[in-house]
>>> print(open('target10.tsv').read())   # TSV, C-alpha atoms (C1' of nucleotides)
chain	number	residue	atom	x	y	z
K	147	MET	CA	15.76	-0.98	-31.24
K	148	PHE	CA	13.43	0.06	-34.01
K	149	SER	CA	9.72	-0.17	-33.34
K	150	GLN	CA	7.45	-2.33	-35.42
K	151	THR	CA	5.68	0.76	-36.66
K	152	VAL	CA	8.88	2.25	-38.05
K	153	GLU	CA	9.77	-1.04	-39.67
K	154	TYR	CA	6.34	-1.29	-41.28
K	155	ALA	CA	6.42	2.29	-42.52
K	156	LEU	CA	9.81	1.76	-44.09
K	157	ARG	CA	8.74	-1.44	-45.79
K	158	ALA	CA	5.67	0.25	-47.21
K	159	ALA	CA	7.65	3.27	-48.38
K	160	VAL	CA	10.25	1.17	-50.13
K	161	HIS	CA	7.61	-0.93	-51.78
K	162	LEU	CA	5.71	2.14	-52.94
K	163	ALA	CA	8.92	3.61	-54.29
K	164	SER	CA	9.56	0.47	-56.27
K	165	LYS	CA	6.16	0.82	-57.90
K	166	SER	CA	6.28	4.60	-58.18
K	167	PRO	CA	4.42	6.47	-59.47
K	168	ASN	CA	1.72	3.81	-59.63
K	169	PRO	CA	-0.62	3.72	-56.64
K	170	GLN	CA	-0.97	0.48	-54.72
K	171	THR	CA	-3.86	-0.65	-52.59
K	172	THR	CA	-3.29	-1.17	-48.89
K	173	ALA	CA	-4.01	-4.85	-49.43
K	174	GLU	CA	-1.30	-5.11	-52.07
K	175	ILE	CA	1.25	-3.40	-49.88
K	176	ALA	CA	0.30	-5.58	-46.92
K	177	GLU	CA	0.75	-8.69	-49.02
K	178	ALA	CA	4.09	-7.62	-50.44
K	179	THR	CA	5.55	-6.40	-47.18
K	180	GLN	CA	4.11	-9.04	-44.87
K	181	VAL	CA	2.47	-6.49	-42.64
K	182	PRO	CA	-0.95	-7.03	-41.04
K	183	MET	CA	-3.24	-5.04	-43.29
K	184	ALA	CA	-5.45	-3.48	-40.63
K	185	TYR	CA	-2.44	-2.15	-38.83
K	186	LEU	CA	-0.70	-1.07	-41.99
K	187	SER	CA	-3.75	1.03	-42.69
K	188	LYS	CA	-3.14	2.95	-39.47
K	189	VAL	CA	0.52	3.40	-40.26
K	190	LEU	CA	-0.33	4.74	-43.69
K	191	GLN	CA	-2.76	7.20	-42.18
K	192	GLY	CA	0.13	8.45	-40.08
K	193	LEU	CA	2.26	8.86	-43.20
K	194	ARG	CA	-0.56	10.73	-44.85
K	195	ALA	CA	-0.74	13.19	-41.96
K	196	LYS	CA	2.93	13.92	-42.55
K	197	LYS	CA	2.39	14.42	-46.25
K	198	ILE	CA	4.50	11.43	-47.21
K	199	VAL	CA	1.80	9.50	-49.03
K	200	HIS	CA	-1.46	10.30	-50.73
K	201	LEU	CA	-4.47	8.12	-50.00
K	202	GLN	CA	-7.13	7.94	-52.66
K	203	ARG	CA	-10.45	6.45	-51.67
K	204	GLY	CA	-12.92	4.62	-53.84
K	205	ALA	CA	-12.62	2.12	-56.64
K	206	GLY	CA	-9.30	2.32	-58.42
K	207	GLY	CA	-7.84	4.25	-55.50
K	208	GLY	CA	-4.87	3.37	-53.36
K	209	VAL	CA	-1.68	4.68	-51.86
K	210	SER	CA	0.98	6.68	-53.66
K	211	LEU	CA	4.06	8.66	-52.70
K	212	VAL	CA	3.66	12.41	-52.66
K	213	HIS	CA	7.31	12.99	-53.61
K	214	GLU	CA	9.78	11.30	-55.91
K	215	PRO	CA	11.71	8.39	-54.39
K	216	SER	CA	14.87	10.36	-55.11
K	217	GLN	CA	13.61	13.13	-52.84
K	218	LEU	CA	12.63	10.91	-49.92
K	219	THR	CA	15.19	9.77	-47.37
K	220	ILE	CA	14.97	7.00	-44.82
K	221	LEU	CA	15.05	9.69	-42.17
K	222	ASP	CA	11.98	11.34	-43.67
K	223	ILE	CA	10.02	8.16	-43.12
K	224	VAL	CA	11.40	7.44	-39.67
K	225	ASN	CA	10.79	10.96	-38.44
K	226	SER	CA	7.26	10.85	-39.77
K	227	VAL	CA	6.21	7.96	-37.62
K	228	GLU	CA	8.58	8.11	-34.67
K	229	PRO	CA	10.95	11.05	-34.67
K	230	ILE	CA	14.49	10.32	-33.56
K	231	GLN	CA	14.82	11.98	-30.18
K	232	ARG	CA	18.25	13.49	-29.89
K	233	ILE	CA	19.53	14.00	-26.37
K	234	LYS	CA	19.95	17.73	-26.13
K	235	THR	CA	20.14	18.12	-22.39
K	236	CYS	CA	21.12	15.79	-19.61
K	237	PRO	CA	18.03	13.93	-18.37
K	238	LEU	CA	19.23	14.61	-14.84
K	239	GLU	CA	18.88	18.24	-14.06
K	240	LEU	CA	21.06	18.02	-11.03
K	241	ARG	CA	23.60	20.61	-10.05
K	242	SER	CA	25.42	18.14	-7.88
K	243	HIS	CA	26.16	15.20	-10.10
K	244	GLY	CA	29.11	16.68	-11.90
K	245	THR	CA	29.88	15.89	-15.50
K	246	ARG	CA	29.86	12.12	-15.21
K	247	LEU	CA	26.47	11.27	-16.54
K	248	CYS	CA	26.81	14.06	-19.04
K	249	SER	CA	29.61	12.26	-20.78
K	250	LEU	CA	27.44	9.16	-20.92
K	251	HIS	CA	24.57	10.96	-22.57
K	252	SER	CA	26.97	12.76	-24.81
K	253	ARG	CA	28.14	9.40	-26.12
K	254	MET	CA	24.61	8.17	-26.51
K	255	ASP	CA	23.65	11.26	-28.44
K	256	GLU	CA	26.61	10.83	-30.75
K	257	SER	CA	25.26	7.45	-31.74
K	258	LEU	CA	21.87	8.96	-32.39
K	259	LYS	CA	23.48	11.69	-34.45
K	260	SER	CA	25.40	9.15	-36.45
K	261	MET	CA	22.25	7.19	-37.14
K	262	GLU	CA	20.39	10.33	-38.07
K	263	SER	CA	23.08	11.27	-40.56
K	264	ALA	CA	23.16	7.84	-42.08
K	265	PHE	CA	19.40	7.80	-42.51
K	266	ALA	CA	19.38	11.29	-43.96
K	267	ALA	CA	22.01	10.34	-46.49
K	268	THR	CA	20.06	7.57	-48.19
K	269	THR	CA	17.08	8.13	-50.45
K	270	LEU	CA	14.55	5.50	-51.37
K	271	ALA	CA	15.73	5.76	-54.97
K	272	GLU	CA	19.24	4.86	-53.87
K	273	LEU	CA	17.98	1.82	-52.03
K	274	LEU	CA	16.29	0.61	-55.17
K	275	ASP	CA	19.39	1.22	-57.27
K	276	GLU	CA	21.51	-1.07	-55.17
K	277	ARG	CA	22.10	-4.33	-56.95
K	278	ASN	CA	22.98	-7.31	-54.84
K	279	PRO	CA	24.87	-5.62	-52.03
K	280	SER	CA	27.97	-7.36	-50.77
K	281	ILE	CA	26.12	-8.70	-47.75
K	282	PRO	CA	22.80	-10.12	-48.89
K	283	LEU	CA	20.34	-10.22	-46.05
K	284	CYS	CA	17.70	-11.98	-48.05
K	285	GLU	CA	18.94	-15.46	-48.54
K	286	GLY	CA	15.71	-17.38	-48.68
K	287	THR	CA	15.57	-20.74	-47.01
K	288	SER	CA	14.02	-22.19	-50.10
K	289	SER	CA	16.51	-23.38	-52.67
H	145	MET	CA	15.10	5.03	-29.10
H	146	PHE	CA	16.54	3.78	-25.85
H	147	SER	CA	14.18	2.27	-23.32
H	148	GLN	CA	13.83	3.66	-19.85
H	149	THR	CA	15.23	0.45	-18.46
H	150	VAL	CA	18.46	0.81	-20.44
H	151	GLU	CA	18.73	4.43	-19.42
H	152	TYR	CA	18.27	3.55	-15.77
H	153	ALA	CA	20.77	0.71	-15.90
H	154	LEU	CA	23.37	2.97	-17.46
H	155	ARG	CA	22.83	5.70	-14.90
H	156	ALA	CA	23.17	3.22	-12.09
H	157	ALA	CA	26.28	1.66	-13.59
H	158	VAL	CA	28.00	4.99	-14.09
H	159	HIS	CA	27.13	6.07	-10.59
H	160	LEU	CA	28.42	2.84	-9.13
H	161	ALA	CA	31.60	3.21	-11.14
H	162	SER	CA	32.09	6.68	-9.73
H	163	LYS	CA	31.92	5.28	-6.22
H	164	SER	CA	33.78	2.09	-6.99
H	165	PRO	CA	34.69	-0.06	-5.22
H	166	ASN	CA	32.41	1.15	-2.43
H	167	PRO	CA	28.95	-0.43	-2.37
H	168	GLN	CA	25.94	1.84	-2.53
H	169	THR	CA	22.45	1.13	-1.32
H	170	THR	CA	19.64	1.02	-3.84
H	171	ALA	CA	18.15	4.05	-2.13
H	172	GLU	CA	21.38	6.01	-2.59
H	173	ILE	CA	21.60	5.13	-6.27
H	174	ALA	CA	17.95	6.00	-6.79
H	175	GLU	CA	18.47	9.37	-5.18
H	176	ALA	CA	21.59	10.17	-7.16
H	177	THR	CA	20.27	9.00	-10.52
H	178	GLN	CA	16.69	10.20	-10.17
H	179	VAL	CA	15.26	6.76	-10.78
H	180	PRO	CA	12.18	5.43	-8.94
H	181	MET	CA	13.70	3.20	-6.31
H	182	ALA	CA	11.27	0.29	-6.52
H	183	TYR	CA	11.84	0.03	-10.23
H	184	LEU	CA	15.57	0.52	-9.96
H	185	SER	CA	15.55	-2.47	-7.66
H	186	LYS	CA	14.16	-4.61	-10.46
H	187	VAL	CA	16.67	-3.27	-12.94
H	188	LEU	CA	19.50	-4.05	-10.55
H	189	GLN	CA	18.24	-7.58	-10.13
H	190	GLY	CA	18.52	-7.92	-13.87
H	191	LEU	CA	22.10	-6.68	-13.76
H	192	ARG	CA	22.84	-9.16	-11.02
H	193	ALA	CA	21.55	-12.01	-13.17
H	194	LYS	CA	24.06	-10.97	-15.82
H	195	LYS	CA	26.88	-10.81	-13.29
H	196	ILE	CA	27.34	-7.09	-13.69
H	197	VAL	CA	26.67	-6.14	-10.09
H	198	HIS	CA	26.79	-7.86	-6.75
H	199	LEU	CA	23.89	-7.38	-4.38
H	200	GLN	CA	24.59	-7.75	-0.70
H	201	ARG	CA	21.61	-8.06	1.57
H	202	GLY	CA	21.33	-7.05	5.19
H	203	ALA	CA	22.60	-4.14	7.17
H	204	GLY	CA	25.65	-2.51	5.63
H	205	GLY	CA	24.89	-4.21	2.36
H	206	GLY	CA	24.26	-2.63	-1.00
H	207	VAL	CA	25.18	-2.76	-4.64
H	208	SER	CA	28.66	-2.99	-6.06
H	209	LEU	CA	30.22	-3.63	-9.45
H	210	VAL	CA	31.61	-7.10	-10.02
H	211	HIS	CA	34.29	-5.84	-12.39
H	212	GLU	CA	36.53	-2.81	-12.55
H	213	PRO	CA	35.03	0.25	-14.28
H	214	SER	CA	37.90	0.04	-16.75
H	215	GLN	CA	36.72	-3.43	-17.73
H	216	LEU	CA	33.09	-2.57	-18.21
H	217	THR	CA	31.84	-1.02	-21.44
H	218	ILE	CA	28.58	0.75	-22.17
H	219	LEU	CA	27.72	-2.16	-24.42
H	220	ASP	CA	28.13	-4.59	-21.54
H	221	ILE	CA	25.43	-2.77	-19.63
H	222	VAL	CA	23.12	-2.30	-22.59
H	223	ASN	CA	23.38	-5.91	-23.65
H	224	SER	CA	22.68	-7.05	-20.11
H	225	VAL	CA	19.29	-5.43	-19.93
H	226	GLU	CA	18.21	-5.20	-23.54
H	227	PRO	CA	20.59	-6.76	-26.04
H	228	ILE	CA	21.11	-4.84	-29.25
H	229	GLN	CA	19.37	-6.90	-31.90
H	230	ARG	CA	21.43	-6.83	-35.04
H	231	ILE	CA	19.55	-7.53	-38.26
H	232	LYS	CA	21.14	-10.68	-39.56
H	233	THR	CA	18.49	-11.79	-42.00
H	234	CYS	CA	15.84	-9.95	-43.89
H	235	PRO	CA	12.64	-9.88	-41.83
H	236	LEU	CA	10.76	-10.77	-44.98
H	237	GLU	CA	11.50	-14.30	-45.95
H	238	LEU	CA	10.12	-13.90	-49.39
H	239	ARG	CA	11.56	-15.41	-52.49
H	240	SER	CA	9.77	-12.91	-54.69
H	241	HIS	CA	10.65	-9.53	-53.31
H	242	GLY	CA	14.08	-9.32	-54.81
H	243	THR	CA	16.87	-7.50	-53.04
H	244	ARG	CA	15.09	-4.25	-52.49
H	245	LEU	CA	14.15	-4.49	-48.86
H	246	CYS	CA	17.46	-6.16	-48.24
H	247	SER	CA	19.30	-2.97	-48.99
H	248	LEU	CA	17.05	-1.16	-46.55
H	249	HIS	CA	17.73	-3.59	-43.75
H	250	SER	CA	21.37	-3.62	-44.66
H	251	ARG	CA	21.49	0.11	-44.03
H	252	MET	CA	19.59	-0.22	-40.81
H	253	ASP	CA	21.93	-2.90	-39.58
H	254	GLU	CA	24.92	-0.74	-40.39
H	255	SER	CA	23.60	1.86	-38.02
H	256	LEU	CA	23.14	-0.77	-35.35
H	257	LYS	CA	26.65	-2.01	-35.97
H	258	SER	CA	28.00	1.49	-35.68
H	259	MET	CA	26.21	1.99	-32.40
H	260	GLU	CA	27.39	-1.35	-31.12
H	261	SER	CA	30.97	-0.47	-31.93
H	262	ALA	CA	30.71	2.92	-30.30
H	263	PHE	CA	29.25	1.43	-27.14
H	264	ALA	CA	31.83	-1.33	-27.05
H	265	ALA	CA	34.63	1.19	-27.36
H	266	THR	CA	33.83	3.16	-24.23
H	267	THR	CA	34.40	1.90	-20.71
H	268	LEU	CA	32.82	3.33	-17.61
H	269	ALA	CA	36.26	4.40	-16.45
H	270	GLU	CA	36.69	6.44	-19.60
H	271	LEU	CA	33.38	8.15	-19.03
H	272	LEU	CA	34.53	9.20	-15.60
H	273	ASP	CA	37.83	10.46	-16.90
H	274	GLU	CA	36.24	12.90	-19.27
H	275	ARG	CA	36.49	16.41	-17.98
H	276	ASN	CA	34.05	18.93	-19.33
H	277	PRO	CA	33.46	17.53	-22.80
H	278	SER	CA	33.34	20.06	-25.61
H	279	ILE	CA	29.56	19.96	-25.63
H	280	PRO	CA	28.31	20.09	-22.06
H	281	LEU	CA	24.90	18.53	-21.84
H	282	CYS	CA	24.39	19.43	-18.22
H	283	GLU	CA	23.98	23.13	-18.12
H	284	GLY	CA	21.74	23.52	-15.13
H	285	THR	CA	18.94	26.05	-15.34
H	286	SER	CA	19.95	27.38	-11.96
H	287	SER	CA	22.61	30.07	-12.08
Q	285	DG	C1'	-28.29	5.58	-60.05
Q	286	DC	C1'	-26.24	1.52	-58.37
Q	287	DC	C1'	-22.63	-1.38	-57.07
Q	288	DA	C1'	-18.37	-2.77	-55.74
Q	289	DA	C1'	-13.74	-1.19	-54.58
Q	290	DA	C1'	-11.09	1.04	-51.30
Q	291	DC	C1'	-9.88	4.09	-47.54
Q	292	DA	C1'	-11.62	6.30	-42.71
Q	293	DG	C1'	-11.95	5.96	-38.16
Q	294	DG	C1'	-13.73	4.50	-33.80
Q	295	DA	C1'	-14.02	0.71	-30.46
Q	296	DT	C1'	-11.85	-3.01	-28.61
Q	297	DC	C1'	-8.27	-6.41	-27.23
Q	298	DC	C1'	-3.71	-8.32	-26.21
Q	299	DT	C1'	0.94	-7.89	-24.90
Q	300	DT	C1'	4.80	-5.56	-23.05
Q	301	DA	C1'	7.02	-1.88	-20.52
Q	302	DT	C1'	6.98	0.75	-16.65
Q	303	DG	C1'	6.05	1.50	-11.98
Q	304	DT	C1'	4.23	0.55	-7.09
Q	305	DC	C1'	3.46	-1.94	-2.80
Q	306	DC	C1'	4.13	-5.19	0.73
Q	307	DA	C1'	5.40	-9.21	3.29
Q	308	DA	C1'	9.46	-12.22	3.58
Q	309	DT	C1'	14.28	-12.98	3.99
Q	310	DT	C1'	19.06	-11.99	4.93
Q	311	DC	C1'	22.64	-10.25	7.68
Q	312	DG	C1'	25.68	-6.97	10.33
Q	313	DA	C1'	26.04	-4.95	14.73
Q	314	DG	C1'	25.21	-4.26	19.47
N	268	DC	C1'	19.82	-13.12	20.44
N	269	DT	C1'	17.57	-9.26	18.87
N	270	DC	C1'	16.84	-5.30	16.08
N	271	DG	C1'	17.08	-2.62	12.27
N	272	DA	C1'	19.06	-2.15	7.65
N	273	DA	C1'	18.67	-3.79	3.21
N	274	DT	C1'	17.59	-6.77	-0.68
N	275	DT	C1'	13.98	-10.35	-2.55
N	276	DG	C1'	10.17	-11.57	-4.98
N	277	DG	C1'	5.48	-11.82	-5.98
N	278	DA	C1'	1.24	-9.45	-6.84
N	279	DC	C1'	-0.72	-5.68	-8.63
N	280	DA	C1'	-1.60	-1.21	-11.33
N	281	DT	C1'	-1.09	1.76	-15.24
N	282	DA	C1'	0.12	3.18	-19.79
N	283	DA	C1'	1.70	2.59	-24.35
N	284	DG	C1'	2.42	-0.14	-28.47
N	285	DG	C1'	0.72	-3.40	-31.55
N	286	DA	C1'	-3.15	-5.52	-33.73
N	287	DT	C1'	-8.03	-6.58	-35.07
N	288	DC	C1'	-12.84	-5.73	-36.33
N	289	DC	C1'	-16.70	-3.43	-37.92
N	290	DT	C1'	-19.28	0.15	-39.85
N	291	DG	C1'	-19.25	4.32	-42.47
N	292	DT	C1'	-17.84	7.16	-46.40
N	293	DT	C1'	-15.89	8.07	-50.82
N	294	DT	C1'	-15.51	7.20	-55.67
N	295	DG	C1'	-14.89	5.15	-60.24
N	296	DG	C1'	-17.25	2.44	-63.56
N	297	DC	C1'	-21.22	0.02	-65.33
>>> encode(input="target10.tsv", output="structure tokens")
Amino acid sequence: MFSQTVEYALRAAVHLASKSPNPQTTAEIAEATQVPMAYLSKVLQGLRAKKIVHLQRGAGGGVSLVHEPSQLTILDIVNSVEPIQRIKTCPLELRSHGTRLCSLHSRMDESLKSMESAFAATTLAELLDERNPSIPLCEGTSS
Amino acid sequence: MFSQTVEYALRAAVHLASKSPNPQTTAEIAEATQVPMAYLSKVLQGLRAKKIVHLQRGAGGGVSLVHEPSQLTILDIVNSVEPIQRIKTCPLELRSHGTRLCSLHSRMDESLKSMESAFAATTLAELLDERNPSIPLCEGTSS
DNA sequence: GCCAAACAGGATCCTTATGTCCAATTCGAG
DNA sequence: CTCGAATTGGACATAAGGATCCTGTTTGGC
């Protein structure tokens, strides 16, 4: 449902937020987030184009967030790499098909809207503040 | 966010429901739903494999729903062609990354869960019953 | 100034999704 | 039985997403 690119961008953003405001090298982020480094580099370049991160070349350089983690929402990241496409008009521009498929797409769009709202409501800072949520998703297999 | 294949399957399912229990030929469905026929054929074969539709070959044959529209939900169709992948475990199986990315994926999964619930709550019959929803998505450009 | 660290960006490759085409098969009807 | 309607299924084509590699450019520190 979510593309790899979005997943990678989110991982990188969260990791950067956790280290904010210290810059991290692409290699460090790749290691920490388990993302292929060469590809992560491309993803980060996309985030740079959208003014989400700052990329500093040269020795001692690295990647850093342009804004405070408390000012960045999940939606900001998602929309930077793969904007959520709301369904504004029925994909079928037919005069004859009645309202049937409309109601389908209306339902689909409501789900998109719901997701959009949820993503807009959570900042990276809030993600980091959460201590041991009720449903831990990270139970390692190692004891 | 939704693949073409899912979109096509949903269109076909809704159209079939609207004609239920009469079978429709693939060509008729393709025409009504604006889906390339040759590809629709493949999609329908997928729906057949999941026992959603019945395909009758030969003259007078066609496509028909196996179940009543009131017994088929949007989720049934979606899961038949491209199952919604809930995030059950953190994609990063790291012992060292703490709970940070967990809270991210927890949020993402909540959106998936919400969508799943919404799709499971609506049957094809209900879609057909809806008259002129408050937000019409089908305003044709033609007067 | 030189060197090593670190990003930049183009070329390339692999896989998957989407879409097309055609010969084969099934089956109802005359 | 024969013919045409209709799906079947395999091969093929195209495009996009995901991933890798290599060379160039920038830049801080010695």
>>> residues_around(input="target10.tsv", residues="DA282 (chain N)", least_positions_apart="4", cutoff="12 Å", atoms="only C-alpha atoms (C1' of nucleotides)", output="list in words")
DT300, DA301, DT302 and DG303 of chain Q
>>> write_last_selection(input="target10.tsv", atoms="C-alpha atoms (C1' of nucleotides)", output="mmCIF file, keeping the file's coordinate frame")
data_model
loop_
_atom_site.group_PDB
_atom_site.id
_atom_site.type_symbol
_atom_site.label_atom_id
_atom_site.label_comp_id
_atom_site.auth_asym_id
_atom_site.auth_seq_id
_atom_site.Cartn_x
_atom_site.Cartn_y
_atom_site.Cartn_z
ATOM 1 C "C1'" DT Q 300 4.800 -5.560 -23.050
ATOM 2 C "C1'" DA Q 301 7.020 -1.880 -20.520
ATOM 3 C "C1'" DT Q 302 6.980 0.750 -16.650
ATOM 4 C "C1'" DG Q 303 6.050 1.500 -11.980
#
>>> interface_residues(input="target10.tsv", of="chain N", to="chain K", cutoff="6 Å", atoms="all atoms listed in the file", output="PyMOL selection string")
chain N and resi 293-295
>>> interface_residues(input="target10.tsv", of="chain Q", to="chain H", cutoff="8 Å", atoms="only C-alpha atoms (C1' of nucleotides)", output="mmCIF file with C-alpha atoms (C1' of nucleotides), in the coordinates of the input")
data_model
loop_
_atom_site.group_PDB
_atom_site.id
_atom_site.type_symbol
_atom_site.label_atom_id
_atom_site.label_comp_id
_atom_site.auth_asym_id
_atom_site.auth_seq_id
_atom_site.Cartn_x
_atom_site.Cartn_y
_atom_site.Cartn_z
ATOM 1 C "C1'" DG Q 303 6.050 1.500 -11.980
ATOM 2 C "C1'" DT Q 304 4.230 0.550 -7.090
ATOM 3 C "C1'" DT Q 310 19.060 -11.990 4.930
ATOM 4 C "C1'" DC Q 311 22.640 -10.250 7.680
ATOM 5 C "C1'" DG Q 312 25.680 -6.970 10.330
#
>>> closest_residue(input="target10.tsv", among="K:Leu156, K:Cys248, K:Ala173, K:Val209", to="Ser226 (chain K)", atoms="only C-alpha atoms")
K:Leu156
>>> residues_around(input="target10.tsv", residues="Ser210 (chain K)", least_positions_apart="2", cutoff="6 Å", atoms="only C-alpha atoms (C1' of nucleotides)", output="list in words")
Pro169, Val199 and His200 of chain K
>>> write_last_selection(input="target10.tsv", atoms="C-alpha atoms", output="PDB file, keeping the file's coordinate frame")
ATOM      1  CA  PRO K 169      -0.620   3.720 -56.640  1.00  0.00           C
ATOM      2  CA  VAL K 199       1.800   9.500 -49.030  1.00  0.00           C
ATOM      3  CA  HIS K 200      -1.460  10.300 -50.730  1.00  0.00           C
TER       4      HIS K 200
END
>>> residues_around(input="target10.tsv", residues="Asp255 (chain K)", least_positions_apart="2", cutoff="12 Å", atoms="all atoms listed in the file", output="NGL selection string")
(:K and (230-237 or 248-253 or 257-262)) or (:H and (145-146 or 259 or 262-263 or 279-281))
>>> residues_around(input="target10.tsv", residues="Val187 (chain H)", least_positions_apart="6", cutoff="8 Å", atoms="only C-alpha atoms (C1' of nucleotides)", output="PyMOL selection string")
chain H and resi 149+152-153+225
>>> closest_residue(input="target10.tsv", among="H:Ala193, H:Gly206, H:Leu160, H:Ile218", to="DA273 (chain N)", atoms="all atoms listed in the file")
H:Gly206
>>> closest_residue(input="target10.tsv", among="H:Val158, H:Val222, H:Leu209, H:Val150", to="chain K", atoms="all atoms listed in the file")
H:Val158
>>> atom_distance(input="target10.tsv", atom1="CA of Asn225 (chain K)", atom2="CA of Glu153 (chain K)")
12.1 Å
>>> atom_distance(input="target10.tsv", atom1="C1' of DG293 (chain Q)", atom2="CA of Glu214 (chain K)")
28.6 Å
>>> atom_distance(input="target10.tsv", atom1="C1' of DT287 (chain N)", atom2="C1' of DC297 (chain Q)")
7.8 Å
>>> residues_around(input="target10.tsv", residues="DG294 (chain Q)", least_positions_apart="2", cutoff="10 Å", atoms="all atoms listed in the file", output="PyMOL selection string")
(chain Q and resi 292+296) or (chain N and resi 289-290)
>>> axis_aligned_box(input="target10.tsv", around="region 200-204 of chain K", padding_each_side="5 Å", output="lines of an AutoDock Vina configuration file")
center_x = -7.2
center_y = 7.5
center_z = -51.9
size_x = 21.5
size_y = 15.7
size_z = 13.8
